[in-house]
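Following: one structure in structure tokens, then a few remarks.
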Amino acid sequence: MGSSQNEIPLPPTPEVRKKMPWIQLGEVDPASTLTPPPALFPESSKVEQRAAMRFSVSGNAVFTGGTGVLALASARALLEHGLSGIALLDLPAALDKGAAEVNSLRQNFPEARVLTHACDVTNAQSMDDIAQRVQNELGSVNILCCFAGIVNCADAKDLPVEQWRRVVDVNMTGSWISAQAFGRHMIASGRGGNIVLIASISGHRVNYPQPQVAYNVSKAGVLHMRNSLAAEWTRYGIRVNSISPGYMDTVLNEGADLEQWRQIWAERNPMRRMGSPQEITGPVVFLCSDIGGSYVNGTDIVVDGGGLVF
């Protein structure tokens, strides 16, 4: 009998698998899957307990670019929702600049461990070493948020290849190196985890009026990296999602020289304003939560006030 076009192909034989890797999906068996549905709320729990449990965050987290404004606001939010420990990774100068804010986290959350480590996300060996060090200090890490990134604005015809490579290396390759370094530990633990990549609306469309081809391309790469890792790593109990912020009201977008740009950004946005760092914390908590985001995987959450609709 001839085969039907609708028949599902059989998995490759072991001989074929040696030649070509095969993406495996999660287990169907409830007893062996690493992505089971969350347990039902206890019948005796009160309304406020259920509300707290729905967006509770457990375990330990690592943030790259950890002392930036968006990262620090999100770190505080995860600690408020129950996170036990966090390691903030950043360049030495950034750690020095953010020391006061880090100390504030330690004072406000004395029962949590708040660590800092200098790092270069473009150095694979260094990130592997830091991943092991954080594992030794905090214990198992089940949350990784990749905030590290740089911006470059230059006309495409004048952009030196060294600047192109630097932007792509930090924003895209740095996110990959970080995800791989900590993802290996999540896989080895057998307990899975959550990875949140910080993309951008720049990965969805071309920004205006500033020319920034390297940045736009790097963030578009981050978006598809999310899809690829979600496809491969869900079988290990790792959910991989991303957040695409719009223009956020941080020090990077301040100054009189940017006033004309800020006006154009606002005029092209239905909400006619930039976002507050606090407005990214909800999506971060949601994606990292034990229950609220437990069936969200391979998804990008756009936080831009509706800017992409135009």
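Following the order of the structure tokens, first chain is A, next is B, and so on, with residues numbered from 1 inside each chain and ligands from 1 in the order they appear.
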
* Asked: Near A:Phe286, within 7 Å and counting only C-alpha atoms, which residues show up once chain neighbours fewer than 6 positions away are dropped, as a ChimeraX atom specification?
  -> /A:55,292-293

Name the residues in contact with stretch 190-205 of chain A at a cut-off of 9 Å, using only C-alpha atoms, excluding same-chain residues fewer than 4 positions from it; report them as a compact mmCIF listing (two decimals) with C-alpha atoms, in the first residue's frame.
```
# COMPACT_ATOMS: atom_id res chain seq x y z
CA LEU A 34 9.84 18.00 32.92
CA THR A 35 7.08 20.42 31.93
CA VAL A 141 20.02 28.59 39.24
CA ASN A 142 16.60 28.30 37.63
CA ILE A 143 16.16 31.80 36.16
CA LEU A 144 18.37 33.67 33.69
CA CYS A 145 17.51 37.14 32.39
CA CYS A 146 19.83 38.56 29.71
CA PHE A 147 19.76 42.34 30.05
CA ALA A 148 23.31 43.02 28.82
CA GLY A 149 23.33 45.15 25.67
CA ASN A 171 23.69 41.87 22.17
CA SER A 175 22.95 36.44 25.03
CA ALA A 179 22.10 31.14 27.78
CA GLY A 183 21.39 26.47 30.34
CA HIS A 185 23.54 23.82 34.47
CA MET A 186 19.74 23.89 34.22
CA GLN A 212 21.08 51.75 13.93
CA TYR A 215 21.48 47.11 16.88
CA ASN A 216 18.34 46.26 14.92
CA VAL A 217 19.89 43.15 13.39
CA SER A 218 21.31 42.00 16.75
CA LYS A 219 17.89 42.20 18.41
CA ALA A 220 16.18 40.44 15.51
CA GLY A 221 18.68 37.64 16.08
CA VAL A 222 17.76 37.51 19.75
CA LEU A 223 14.11 37.02 18.81
CA MET A 225 17.33 32.66 19.19
CA ARG A 226 14.39 32.52 21.59
CA TRP A 233 15.32 22.98 25.41
CA THR A 234 11.69 22.58 26.45
CA ARG A 235 12.33 18.83 26.69
CA TYR A 236 14.68 19.68 29.58
CA GLY A 237 12.01 21.69 31.37
CA ILE A 238 13.45 25.04 30.27
CA ARG A 239 11.05 27.69 29.03
CA VAL A 240 12.65 30.36 26.82
CA ASN A 241 10.83 33.64 26.20
CA SER A 242 11.73 37.23 25.40
CA ILE A 243 10.62 40.76 26.15
CA SER A 244 10.78 43.55 23.57
CA PRO A 245 10.83 46.95 25.32
CA GLY A 246 10.02 50.08 23.42
CA TYR A 247 11.62 53.42 24.23
CA VAL A 284 9.49 39.78 33.89
CA LEU A 287 7.51 34.96 32.66
CA CYS A 288 9.61 33.91 35.67
CA SER A 289 6.67 32.92 37.89
CA ASP A 300 7.84 37.58 22.90
CA VAL A 302 6.16 43.63 23.49
CA VAL A 303 6.18 46.46 26.05
CA ASP A 304 6.05 49.64 23.99
CA GLY A 307 4.27 51.76 19.16
CA LEU A 308 4.42 48.76 16.82
```

* State, in Å with one decimal place, the distance from atom CA of A:Pro36 to atom CA of A:Ala87. =>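 So the two atoms, atom CA of A:Pro36 and atom CA of A:Ala87, lie 27.5 Å apart.
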
* To do: Pull the helix (DSSP H, G or I) assignments for stretch 173-246 of chain A out of DSSP run on the backbone, and list those residues as number ranges by chain.
  => A: 173-189, 201-203, 213-236

Go ahead and dump the residues you just picked, N, CA and C atoms, as a compact mmCIF listing (two decimals), in the first residue's frame.
```txt
# COMPACT_ATOMS: atom_id res chain seq x y z
N THR A 173 25.39 37.52 20.39
CA THR A 173 26.28 36.43 20.79
C THR A 173 26.42 36.37 22.31
N GLY A 174 26.45 37.53 22.97
CA GLY A 174 26.53 37.56 24.43
C GLY A 174 25.32 36.90 25.08
N SER A 175 24.15 37.11 24.51
CA SER A 175 22.95 36.44 25.03
C SER A 175 23.05 34.93 24.82
N TRP A 176 23.59 34.54 23.68
CA TRP A 176 23.74 33.11 23.40
C TRP A 176 24.74 32.47 24.36
N ILE A 177 25.89 33.12 24.56
CA ILE A 177 26.91 32.59 25.46
C ILE A 177 26.35 32.43 26.87
N SER A 178 25.61 33.43 27.32
CA SER A 178 25.03 33.39 28.67
C SER A 178 24.00 32.27 28.77
N ALA A 179 23.13 32.18 27.77
CA ALA A 179 22.10 31.14 27.78
C ALA A 179 22.73 29.75 27.76
N GLN A 180 23.77 29.57 26.98
CA GLN A 180 24.41 28.26 26.92
C GLN A 180 25.10 27.92 28.24
N ALA A 181 25.82 28.90 28.82
CA ALA A 181 26.56 28.64 30.06
C ALA A 181 25.63 28.23 31.20
N PHE A 182 24.55 28.98 31.38
CA PHE A 182 23.64 28.67 32.49
C PHE A 182 22.63 27.60 32.09
N GLY A 183 22.30 27.52 30.80
CA GLY A 183 21.39 26.47 30.34
C GLY A 183 21.96 25.08 30.58
N ARG A 184 23.25 24.93 30.42
CA ARG A 184 23.87 23.63 30.68
C ARG A 184 23.66 23.20 32.13
N HIS A 185 23.77 24.15 33.06
CA HIS A 185 23.54 23.82 34.47
C HIS A 185 22.07 23.47 34.72
N MET A 186 21.16 24.20 34.06
CA MET A 186 19.74 23.89 34.22
C MET A 186 19.44 22.49 33.71
N ILE A 187 20.05 22.14 32.58
CA ILE A 187 19.84 20.80 32.01
C ILE A 187 20.39 19.74 32.94
N ALA A 188 21.61 19.98 33.45
CA ALA A 188 22.24 19.00 34.33
C ALA A 188 21.48 18.81 35.63
N SER A 189 20.80 19.85 36.09
CA SER A 189 20.06 19.75 37.35
C SER A 189 18.86 18.83 37.25
N ILE A 201 11.87 46.35 20.43
CA ILE A 201 11.04 46.64 19.25
C ILE A 201 11.92 46.82 18.02
N SER A 202 13.21 47.11 18.25
CA SER A 202 14.14 47.26 17.13
C SER A 202 14.36 45.96 16.38
N GLY A 203 14.04 44.84 17.02
CA GLY A 203 14.12 43.56 16.33
C GLY A 203 12.90 43.27 15.48
N VAL A 213 21.51 50.08 12.25
CA VAL A 213 21.36 48.79 11.59
C VAL A 213 21.94 47.65 12.43
N ALA A 214 23.11 47.85 13.05
CA ALA A 214 23.73 46.77 13.82
C ALA A 214 22.85 46.39 15.02
N TYR A 215 22.33 47.37 15.71
CA TYR A 215 21.48 47.11 16.88
C TYR A 215 20.21 46.38 16.45
N ASN A 216 19.58 46.87 15.39
CA ASN A 216 18.34 46.26 14.92
C ASN A 216 18.54 44.80 14.55
N VAL A 217 19.61 44.52 13.81
CA VAL A 217 19.89 43.15 13.39
C VAL A 217 20.20 42.26 14.60
N SER A 218 20.96 42.81 15.57
CA SER A 218 21.31 42.00 16.75
C SER A 218 20.07 41.61 17.53
N LYS A 219 19.10 42.51 17.64
CA LYS A 219 17.89 42.20 18.41
C LYS A 219 16.95 41.28 17.63
N ALA A 220 16.96 41.38 16.30
CA ALA A 220 16.18 40.44 15.51
C ALA A 220 16.75 39.03 15.70
N GLY A 221 18.06 38.94 15.81
CA GLY A 221 18.68 37.64 16.08
C GLY A 221 18.29 37.08 17.42
N VAL A 222 18.18 37.95 18.42
CA VAL A 222 17.76 37.51 19.75
C VAL A 222 16.35 36.91 19.70
N LEU A 223 15.48 37.52 18.92
CA LEU A 223 14.11 37.02 18.81
C LEU A 223 14.07 35.61 18.24
N HIS A 224 14.87 35.34 17.23
CA HIS A 224 14.83 33.99 16.66
C HIS A 224 15.65 33.02 17.49
N MET A 225 16.62 33.51 18.23
CA MET A 225 17.33 32.66 19.19
C MET A 225 16.34 32.10 20.21
N ARG A 226 15.43 32.96 20.65
CA ARG A 226 14.39 32.52 21.59
C ARG A 226 13.60 31.35 21.02
N ASN A 227 13.16 31.48 19.77
CA ASN A 227 12.40 30.39 19.15
C ASN A 227 13.20 29.10 19.09
N SER A 228 14.45 29.22 18.68
CA SER A 228 15.28 28.04 18.49
C SER A 228 15.55 27.33 19.81
N LEU A 229 15.87 28.10 20.85
CA LEU A 229 16.14 27.50 22.15
C LEU A 229 14.87 26.91 22.77
N ALA A 230 13.74 27.58 22.57
CA ALA A 230 12.48 27.04 23.08
C ALA A 230 12.18 25.69 22.43
N ALA A 231 12.49 25.58 21.14
CA ALA A 231 12.24 24.32 20.44
C ALA A 231 13.14 23.21 20.97
N GLU A 232 14.40 23.53 21.25
CA GLU A 232 15.36 22.50 21.66
C GLU A 232 15.31 22.17 23.14
N TRP A 233 15.08 23.16 23.98
CA TRP A 233 15.32 22.98 25.41
C TRP A 233 14.07 22.75 26.25
N THR A 234 12.89 22.84 25.66
CA THR A 234 11.69 22.58 26.45
C THR A 234 11.69 21.15 26.98
N ARG A 235 12.27 20.23 26.24
CA ARG A 235 12.33 18.83 26.69
C ARG A 235 13.08 18.70 28.01
N TYR A 236 13.94 19.69 28.31
CA TYR A 236 14.68 19.68 29.58
C TYR A 236 13.96 20.47 30.68
```

* To do: Could you tell me which of A:Met271, A:Asn60, A:Asn123, A:Lys157 comes closest to A:Asn136 if we count only C-alpha atoms?
  => A:Asn60

* Distance query stretch 92-109 of chain A at most 9 Å, only C-alpha atoms, self and fewer than 4 positions along chain excluded, as a PyMOL selection string -> chain A and resi 65-69+72+75-76+79-80+88+113-119

The selected residues should be written to file as a PDB file, in the first residue's frame (atoms: C-alpha atoms).
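Below you can see selection.pdb, which holds the result:
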```pdb
ATOM      1  CA  GLY A  65      23.725  43.598  32.582  1.00  0.00           C
ATOM      2  CA  GLY A  66      22.482  43.318  36.134  1.00  0.00           C
ATOM      3  CA  THR A  67      23.128  46.853  37.373  1.00  0.00           C
ATOM      4  CA  GLY A  68      21.343  48.640  34.551  1.00  0.00           C
ATOM      5  CA  VAL A  69      18.163  50.550  35.357  1.00  0.00           C
ATOM      6  CA  LEU A  72      17.678  46.530  38.879  1.00  0.00           C
ATOM      7  CA  ALA A  75      15.545  42.259  40.226  1.00  0.00           C
ATOM      8  CA  ARG A  76      13.659  44.085  42.954  1.00  0.00           C
ATOM      9  CA  LEU A  79      12.716  39.516  45.115  1.00  0.00           C
ATOM     10  CA  GLU A  80       9.363  41.003  46.117  1.00  0.00           C
ATOM     11  CA  LEU A  88      23.904  40.490  39.192  1.00  0.00           C
ATOM     12  CA  ARG A 113      21.326  36.489  48.845  1.00  0.00           C
ATOM     13  CA  VAL A 114      22.278  39.303  46.451  1.00  0.00           C
ATOM     14  CA  LEU A 115      25.617  38.704  44.753  1.00  0.00           C
ATOM     15  CA  THR A 116      27.559  40.694  42.175  1.00  0.00           C
ATOM     16  CA  HIS A 117      30.244  39.494  39.785  1.00  0.00           C
ATOM     17  CA  ALA A 118      32.180  41.261  37.063  1.00  0.00           C
ATOM     18  CA  CYS A 119      31.743  39.600  33.696  1.00  0.00           C
TER      19      CYS A 119
END
```

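The coordinates place atom CA of A:Pro211 at 13.8 Å from atom CA of A:Pro160.
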
* Can you tell me, as a list in words, what residues are no more than 7 Å from A:Gly306 when counting only C-alpha atoms, ignoring any on the same chain fewer than 3 positions away? ->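 Counting only C-alpha atoms, the residues come to Asn269, Pro270 and Val309 of chain A.
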
With N, CA and C atoms kept, could you save the residues just selected as a PDB file, in the first residue's frame?
```
ATOM      1  N   ASN A 269       3.737  57.137  18.805  1.00  0.00           N
ATOM      2  CA  ASN A 269       3.261  56.153  19.777  1.00  0.00           C
ATOM      3  C   ASN A 269       1.856  56.530  20.243  1.00  0.00           C
ATOM      4  N   PRO A 270       0.893  55.593  20.231  1.00  0.00           N
ATOM      5  CA  PRO A 270      -0.470  55.913  20.667  1.00  0.00           C
ATOM      6  C   PRO A 270      -0.542  56.481  22.078  1.00  0.00           C
ATOM      7  N   VAL A 309       2.059  49.320  16.446  1.00  0.00           N
ATOM      8  CA  VAL A 309       0.840  49.293  15.620  1.00  0.00           C
ATOM      9  C   VAL A 309       0.933  50.260  14.462  1.00  0.00           C
TER      10      VAL A 309
END
```

* Give the strand (DSSP E or B) residues of stretch 50-210 of chain A, as DSSP finds them on the backbone, and put them as a ChimeraX atom specification. => /A:60-64,85-90,113-118,143-146,154,193-198

Output C-alpha atoms for every residue in the selection just made, as a short mmCIF file (atom, residue, chain, number, x, y, z; two decimals), in the first residue's frame.
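Printed below is out_33.cif as written:
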```cif
data_model
loop_
_atom_site.label_atom_id
_atom_site.label_comp_id
_atom_site.auth_asym_id
_atom_site.auth_seq_id
_atom_site.Cartn_x
_atom_site.Cartn_y
_atom_site.Cartn_z
CA ASN A 60 17.72 31.69 42.28
CA ALA A 61 18.23 34.02 39.35
CA VAL A 62 21.09 35.45 37.32
CA PHE A 63 20.91 38.77 35.48
CA THR A 64 23.47 39.83 32.90
CA GLY A 85 18.84 34.68 45.63
CA ILE A 86 20.18 36.62 42.67
CA ALA A 87 23.54 37.18 41.04
CA LEU A 88 23.90 40.49 39.19
CA LEU A 89 26.59 40.24 36.51
CA ASP A 90 27.99 43.32 34.81
CA ARG A 113 21.33 36.49 48.85
CA VAL A 114 22.28 39.30 46.45
CA LEU A 115 25.62 38.70 44.75
CA THR A 116 27.56 40.69 42.17
CA HIS A 117 30.24 39.49 39.78
CA ALA A 118 32.18 41.26 37.06
CA ILE A 143 16.16 31.80 36.16
CA LEU A 144 18.37 33.67 33.69
CA CYS A 145 17.51 37.14 32.39
CA CYS A 146 19.83 38.56 29.71
CA ALA A 154 25.55 55.33 12.75
CA GLY A 193 14.27 26.67 34.52
CA ASN A 194 13.33 29.90 32.78
CA ILE A 195 15.37 31.99 30.38
CA VAL A 196 14.22 35.51 29.49
CA LEU A 197 16.05 37.23 26.65
CA ILE A 198 15.73 41.01 26.43
#
```

* Structure fact -> The distance between atom CA of A:Trp164 and atom CA of A:Asn152 is 8.4 Å

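Excluding A:Ser276 and any residue on its chain fewer than 2 positions from it, the residues at most 9 Å away by only C-alpha atoms are A:Leu70, A:Met248, A:Asp249, A:Thr250, A:Met274, A:Gln278, A:Glu279, A:Ile280.
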
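Residues lying within 9 Å of A:Gln210, counting only C-alpha atoms and ignoring same-chain neighbours fewer than 2 positions away, are Cys153, Ala154, Asp155, Asn207, Tyr208, Gln212 and Trp261 of chain A.
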